[in-house]
Amino acid sequence: MTDAGGGRAGPSKPAKDSFRRFWQGMLMQKYIEHDKDLVAVLPHLYLGSIGAGANYDGLVSMNISHVLVASETIEFLFQDKPEGFVYTRVAVADLPTASIDKHFSESNAIIERARHTGGKVLVHCFAGKSRSVTLVLAYLMTYQGLSLDAALALVHSVRPQAQPNQGFMRQLEAFAQTLNTKQQATEAS
């Protein structure tokens, strides 16, 4: 293929989209086959990859009631099943420049509502490494009173591959400062 100037043109947009979908499908299959475990961070809070989100038997056996999907594109796989999983999407890209912190209040509220009603939540993204981990860390810091380091250590103890991207870590550090400032103000009054 050549461009109007006689040089080689790159692949067309449909070809790039097709290639991207192919790779996503290959990666999804890998996670579904090899990373399907739902790991318990707390009795009501589970973490995993798309493989965990696609693990119907695991969702049922762990009595998951809510599935929080930290992705712009992952499908809600079992919303029509009789178990009635409640799905919520946090539409955020896994990019250091993405503002995941604007979703902390919403995701925390979803997890807390489920806990108060006796439910259990699976938080997952594609790899179960960055976006979902970031949301779980924000919850642990807010509702368990853990420092960022302690929350990360807890998550690493059950999911060693947990690794929020650099931008998400910066946002978590700023969030920790905000929580610390609020705690100090509460103690001072």
# chains A, B, ... in the order shown; residues from 1 in each chain; ligands from 1

call {"tool": "select_by_dssp", "arguments": {"residues": "chain A", "states": "alpha helix (DSSP H)", "output": "PyMOL selection string"}}
result
chain A and resi 13-34+50-53+56-61+104-116+131-143+148-158+166-188

call {"tool": "write_last_selection", "arguments": {"atoms": "C-alpha atoms", "output": "PDB file, in the first residue's frame"}}
result
ATOM      1  CA  LYS A  13      -7.824   2.364  10.867  1.00  0.00           C
ATOM      2  CA  PRO A  14     -10.057  -0.729  10.406  1.00  0.00           C
ATOM      3  CA  ALA A  15      -6.927  -2.906  10.214  1.00  0.00           C
ATOM      4  CA  LYS A  16      -5.540  -1.345  13.414  1.00  0.00           C
ATOM      5  CA  ASP A  17      -8.886  -1.822  15.189  1.00  0.00           C
ATOM      6  CA  SER A  18      -9.055  -5.429  14.040  1.00  0.00           C
ATOM      7  CA  PHE A  19      -5.509  -6.080  15.262  1.00  0.00           C
ATOM      8  CA  ARG A  20      -6.282  -4.425  18.636  1.00  0.00           C
ATOM      9  CA  ARG A  21      -9.433  -6.538  19.064  1.00  0.00           C
ATOM     10  CA  PHE A  22      -7.476  -9.675  18.164  1.00  0.00           C
ATOM     11  CA  TRP A  23      -4.845  -8.958  20.852  1.00  0.00           C
ATOM     12  CA  GLN A  24      -7.476  -8.061  23.431  1.00  0.00           C
ATOM     13  CA  GLY A  25      -9.210 -11.346  22.708  1.00  0.00           C
ATOM     14  CA  MET A  26      -5.960 -13.281  23.078  1.00  0.00           C
ATOM     15  CA  LEU A  27      -5.154 -11.561  26.377  1.00  0.00           C
ATOM     16  CA  MET A  28      -8.701 -12.046  27.633  1.00  0.00           C
ATOM     17  CA  GLN A  29      -8.477 -15.768  26.904  1.00  0.00           C
ATOM     18  CA  LYS A  30      -5.183 -15.918  28.830  1.00  0.00           C
ATOM     19  CA  TYR A  31      -6.716 -14.250  31.901  1.00  0.00           C
ATOM     20  CA  ILE A  32      -9.876 -16.362  31.710  1.00  0.00           C
ATOM     21  CA  GLU A  33      -7.827 -19.575  31.599  1.00  0.00           C
ATOM     22  CA  HIS A  34      -4.970 -18.691  33.958  1.00  0.00           C
ATOM     23  CA  ILE A  50     -11.303 -10.182  33.807  1.00  0.00           C
ATOM     24  CA  GLY A  51     -10.786 -13.905  34.396  1.00  0.00           C
ATOM     25  CA  ALA A  52     -12.371 -13.561  37.844  1.00  0.00           C
ATOM     26  CA  GLY A  53     -15.211 -11.525  36.355  1.00  0.00           C
ATOM     27  CA  TYR A  56     -19.396 -17.642  36.914  1.00  0.00           C
ATOM     28  CA  ASP A  57     -18.888 -20.596  39.261  1.00  0.00           C
ATOM     29  CA  GLY A  58     -16.464 -18.552  41.357  1.00  0.00           C
ATOM     30  CA  LEU A  59     -18.879 -15.623  41.597  1.00  0.00           C
ATOM     31  CA  VAL A  60     -21.645 -17.940  42.746  1.00  0.00           C
ATOM     32  CA  SER A  61     -19.514 -19.975  45.173  1.00  0.00           C
ATOM     33  CA  PHE A 104     -13.052   6.961  44.672  1.00  0.00           C
ATOM     34  CA  SER A 105     -16.204   8.264  46.374  1.00  0.00           C
ATOM     35  CA  GLU A 106     -18.492   6.358  44.002  1.00  0.00           C
ATOM     36  CA  SER A 107     -16.612   3.060  44.237  1.00  0.00           C
ATOM     37  CA  ASN A 108     -16.273   3.371  48.024  1.00  0.00           C
ATOM     38  CA  ALA A 109     -20.018   3.984  48.320  1.00  0.00           C
ATOM     39  CA  ILE A 110     -20.834   0.940  46.171  1.00  0.00           C
ATOM     40  CA  ILE A 111     -18.634  -1.314  48.300  1.00  0.00           C
ATOM     41  CA  GLU A 112     -20.014   0.095  51.561  1.00  0.00           C
ATOM     42  CA  ARG A 113     -23.648  -0.227  50.434  1.00  0.00           C
ATOM     43  CA  ALA A 114     -23.040  -3.858  49.535  1.00  0.00           C
ATOM     44  CA  ARG A 115     -21.357  -4.501  52.898  1.00  0.00           C
ATOM     45  CA  HIS A 116     -24.221  -2.891  54.820  1.00  0.00           C
ATOM     46  CA  ARG A 131      -7.340   0.041  38.057  1.00  0.00           C
ATOM     47  CA  SER A 132      -9.186  -2.434  40.272  1.00  0.00           C
ATOM     48  CA  VAL A 133      -6.323  -2.472  42.769  1.00  0.00           C
ATOM     49  CA  THR A 134      -6.366   1.334  42.942  1.00  0.00           C
ATOM     50  CA  LEU A 135     -10.084   1.372  43.777  1.00  0.00           C
ATOM     51  CA  VAL A 136      -9.621  -1.317  46.431  1.00  0.00           C
ATOM     52  CA  LEU A 137      -6.712   0.607  47.971  1.00  0.00           C
ATOM     53  CA  ALA A 138      -8.809   3.783  48.159  1.00  0.00           C
ATOM     54  CA  TYR A 139     -11.529   1.805  49.948  1.00  0.00           C
ATOM     55  CA  LEU A 140      -9.095   0.251  52.427  1.00  0.00           C
ATOM     56  CA  MET A 141      -7.613   3.653  53.217  1.00  0.00           C
ATOM     57  CA  THR A 142     -11.040   5.238  53.678  1.00  0.00           C
ATOM     58  CA  TYR A 143     -13.014   2.560  55.527  1.00  0.00           C
ATOM     59  CA  LEU A 148      -1.342   3.525  51.636  1.00  0.00           C
ATOM     60  CA  ASP A 149       1.640   1.302  52.471  1.00  0.00           C
ATOM     61  CA  ALA A 150      -0.415  -0.917  54.787  1.00  0.00           C
ATOM     62  CA  ALA A 151      -3.249  -1.174  52.252  1.00  0.00           C
ATOM     63  CA  LEU A 152      -0.803  -2.085  49.494  1.00  0.00           C
ATOM     64  CA  ALA A 153       0.839  -4.705  51.728  1.00  0.00           C
ATOM     65  CA  LEU A 154      -2.569  -6.245  52.464  1.00  0.00           C
ATOM     66  CA  VAL A 155      -3.482  -6.370  48.775  1.00  0.00           C
ATOM     67  CA  HIS A 156      -0.041  -7.776  47.841  1.00  0.00           C
ATOM     68  CA  SER A 157      -0.529 -10.535  50.403  1.00  0.00           C
ATOM     69  CA  VAL A 158      -3.484 -11.887  48.408  1.00  0.00           C
ATOM     70  CA  GLN A 166       2.563   5.580  38.420  1.00  0.00           C
ATOM     71  CA  GLY A 167      -0.199   8.107  37.845  1.00  0.00           C
ATOM     72  CA  PHE A 168      -2.640   6.124  39.989  1.00  0.00           C
ATOM     73  CA  MET A 169      -0.017   5.842  42.737  1.00  0.00           C
ATOM     74  CA  ARG A 170       0.423   9.624  42.726  1.00  0.00           C
ATOM     75  CA  GLN A 171      -3.351  10.032  43.022  1.00  0.00           C
ATOM     76  CA  LEU A 172      -3.447   7.528  45.896  1.00  0.00           C
ATOM     77  CA  GLU A 173      -0.646   9.418  47.661  1.00  0.00           C
ATOM     78  CA  ALA A 174      -2.597  12.680  47.315  1.00  0.00           C
ATOM     79  CA  PHE A 175      -5.741  10.902  48.540  1.00  0.00           C
ATOM     80  CA  ALA A 176      -3.821   9.599  51.559  1.00  0.00           C
ATOM     81  CA  GLN A 177      -2.756  13.162  52.360  1.00  0.00           C
ATOM     82  CA  THR A 178      -6.366  14.345  52.120  1.00  0.00           C
ATOM     83  CA  LEU A 179      -7.541  11.556  54.431  1.00  0.00           C
ATOM     84  CA  ASN A 180      -4.727  12.324  56.868  1.00  0.00           C
ATOM     85  CA  THR A 181      -5.620  16.034  56.911  1.00  0.00           C
ATOM     86  CA  LYS A 182      -9.288  15.201  57.569  1.00  0.00           C
ATOM     87  CA  GLN A 183      -8.304  12.805  60.365  1.00  0.00           C
ATOM     88  CA  GLN A 184      -6.106  15.440  61.995  1.00  0.00           C
ATOM     89  CA  ALA A 185      -8.888  18.025  61.778  1.00  0.00           C
ATOM     90  CA  THR A 186     -11.337  15.576  63.377  1.00  0.00           C
ATOM     91  CA  GLU A 187      -8.910  14.788  66.191  1.00  0.00           C
ATOM     92  CA  ALA A 188      -8.251  18.495  66.807  1.00  0.00           C
TER      93      ALA A 188
END

call {"tool": "atom_distance", "arguments": {"atom1": "atom CA of Val41 of chain A", "atom2": "atom CA of His66 of chain A"}}
result
14.9 Å

call {"tool": "closest_residue", "arguments": {"among": "A:Ser189, A:Ser130, A:Thr73, A:Gln79", "to": "Ile100 of chain A", "atoms": "only C-alpha atoms"}}
result
A:Ser130

call {"tool": "atom_distance", "arguments": {"atom1": "atom CA of Thr88 of chain A", "atom2": "atom CA of Leu68 of chain A"}}
result
5.0 Å

call {"tool": "select_by_dssp", "arguments": {"residues": "chain A", "states": "strand (DSSP E or B)", "output": "ChimeraX atom specification"}}
result
/A:2,8,39-42,45-48,66-69,86-89,121-124

call {"tool": "write_last_selection", "arguments": {"atoms": "N, CA and C atoms", "output": "PDB file, in the first residue's frame"}}
result
ATOM      1  N   THR A   2       0.594   2.211  -0.822  1.00  0.00           N
ATOM      2  CA  THR A   2       1.376   3.445  -0.862  1.00  0.00           C
ATOM      3  C   THR A   2       0.462   4.619  -0.619  1.00  0.00           C
ATOM      4  N   ARG A   8       5.219   4.435   1.544  1.00  0.00           N
ATOM      5  CA  ARG A   8       4.408   3.392   2.179  1.00  0.00           C
ATOM      6  C   ARG A   8       3.485   4.010   3.206  1.00  0.00           C
ATOM      7  N   VAL A  39      -9.904 -13.216  44.706  1.00  0.00           N
ATOM      8  CA  VAL A  39      -9.173 -13.255  45.971  1.00  0.00           C
ATOM      9  C   VAL A  39      -9.847 -12.332  46.976  1.00  0.00           C
ATOM     10  N   ALA A  40     -10.009 -12.832  48.193  1.00  0.00           N
ATOM     11  CA  ALA A  40     -10.658 -12.061  49.255  1.00  0.00           C
ATOM     12  C   ALA A  40      -9.646 -11.118  49.892  1.00  0.00           C
ATOM     13  N   VAL A  41      -9.944  -9.829  49.823  1.00  0.00           N
ATOM     14  CA  VAL A  41      -9.147  -8.819  50.509  1.00  0.00           C
ATOM     15  C   VAL A  41      -9.720  -8.626  51.912  1.00  0.00           C
ATOM     16  N   LEU A  42     -11.032  -8.576  51.979  1.00  0.00           N
ATOM     17  CA  LEU A  42     -11.810  -8.528  53.221  1.00  0.00           C
ATOM     18  C   LEU A  42     -12.964  -9.509  53.032  1.00  0.00           C
ATOM     19  N   LEU A  45     -15.056  -8.088  50.287  1.00  0.00           N
ATOM     20  CA  LEU A  45     -14.379  -7.405  49.183  1.00  0.00           C
ATOM     21  C   LEU A  45     -13.391  -8.338  48.496  1.00  0.00           C
ATOM     22  N   TYR A  46     -13.638  -8.568  47.207  1.00  0.00           N
ATOM     23  CA  TYR A  46     -12.818  -9.466  46.403  1.00  0.00           C
ATOM     24  C   TYR A  46     -12.198  -8.689  45.252  1.00  0.00           C
ATOM     25  N   LEU A  47     -11.097  -9.221  44.750  1.00  0.00           N
ATOM     26  CA  LEU A  47     -10.319  -8.557  43.716  1.00  0.00           C
ATOM     27  C   LEU A  47      -9.928  -9.576  42.668  1.00  0.00           C
ATOM     28  N   GLY A  48      -9.824  -9.134  41.411  1.00  0.00           N
ATOM     29  CA  GLY A  48      -9.378 -10.044  40.366  1.00  0.00           C
ATOM     30  C   GLY A  48      -9.262  -9.375  39.015  1.00  0.00           C
ATOM     31  N   HIS A  66     -22.309  -8.055  43.973  1.00  0.00           N
ATOM     32  CA  HIS A  66     -22.014  -6.864  43.186  1.00  0.00           C
ATOM     33  C   HIS A  66     -20.694  -7.055  42.441  1.00  0.00           C
ATOM     34  N   VAL A  67     -20.651  -6.578  41.209  1.00  0.00           N
ATOM     35  CA  VAL A  67     -19.429  -6.624  40.415  1.00  0.00           C
ATOM     36  C   VAL A  67     -19.129  -5.202  39.966  1.00  0.00           C
ATOM     37  N   LEU A  68     -17.995  -4.693  40.411  1.00  0.00           N
ATOM     38  CA  LEU A  68     -17.547  -3.350  40.059  1.00  0.00           C
ATOM     39  C   LEU A  68     -16.473  -3.502  38.991  1.00  0.00           C
ATOM     40  N   VAL A  69     -16.784  -3.066  37.775  1.00  0.00           N
ATOM     41  CA  VAL A  69     -15.902  -3.239  36.626  1.00  0.00           C
ATOM     42  C   VAL A  69     -15.154  -1.931  36.374  1.00  0.00           C
ATOM     43  N   VAL A  86     -25.324  -7.348  40.627  1.00  0.00           N
ATOM     44  CA  VAL A  86     -25.480  -5.912  40.385  1.00  0.00           C
ATOM     45  C   VAL A  86     -24.158  -5.403  39.823  1.00  0.00           C
ATOM     46  N   TYR A  87     -24.189  -4.970  38.574  1.00  0.00           N
ATOM     47  CA  TYR A  87     -22.980  -4.486  37.913  1.00  0.00           C
ATOM     48  C   TYR A  87     -22.921  -2.969  37.954  1.00  0.00           C
ATOM     49  N   THR A  88     -21.715  -2.450  38.167  1.00  0.00           N
ATOM     50  CA  THR A  88     -21.452  -1.020  38.067  1.00  0.00           C
ATOM     51  C   THR A  88     -20.139  -0.849  37.322  1.00  0.00           C
ATOM     52  N   ARG A  89     -20.107   0.139  36.454  1.00  0.00           N
ATOM     53  CA  ARG A  89     -18.897   0.424  35.681  1.00  0.00           C
ATOM     54  C   ARG A  89     -18.244   1.698  36.199  1.00  0.00           C
ATOM     55  N   VAL A 121     -18.578  -7.838  47.110  1.00  0.00           N
ATOM     56  CA  VAL A 121     -18.243  -7.149  45.865  1.00  0.00           C
ATOM     57  C   VAL A 121     -16.962  -7.721  45.265  1.00  0.00           C
ATOM     58  N   LEU A 122     -17.007  -8.016  43.970  1.00  0.00           N
ATOM     59  CA  LEU A 122     -15.795  -8.285  43.205  1.00  0.00           C
ATOM     60  C   LEU A 122     -15.453  -7.006  42.458  1.00  0.00           C
ATOM     61  N   VAL A 123     -14.236  -6.510  42.653  1.00  0.00           N
ATOM     62  CA  VAL A 123     -13.734  -5.375  41.878  1.00  0.00           C
ATOM     63  C   VAL A 123     -12.721  -5.952  40.897  1.00  0.00           C
ATOM     64  N   HIS A 124     -12.960  -5.728  39.600  1.00  0.00           N
ATOM     65  CA  HIS A 124     -12.005  -6.248  38.618  1.00  0.00           C
ATOM     66  C   HIS A 124     -11.823  -5.274  37.474  1.00  0.00           C
TER      67      HIS A 124
END

call {"tool": "atom_distance", "arguments": {"atom1": "atom CA of Gly84 of chain A", "atom2": "atom CA of Ala70 of chain A"}}
result
19.3 Å
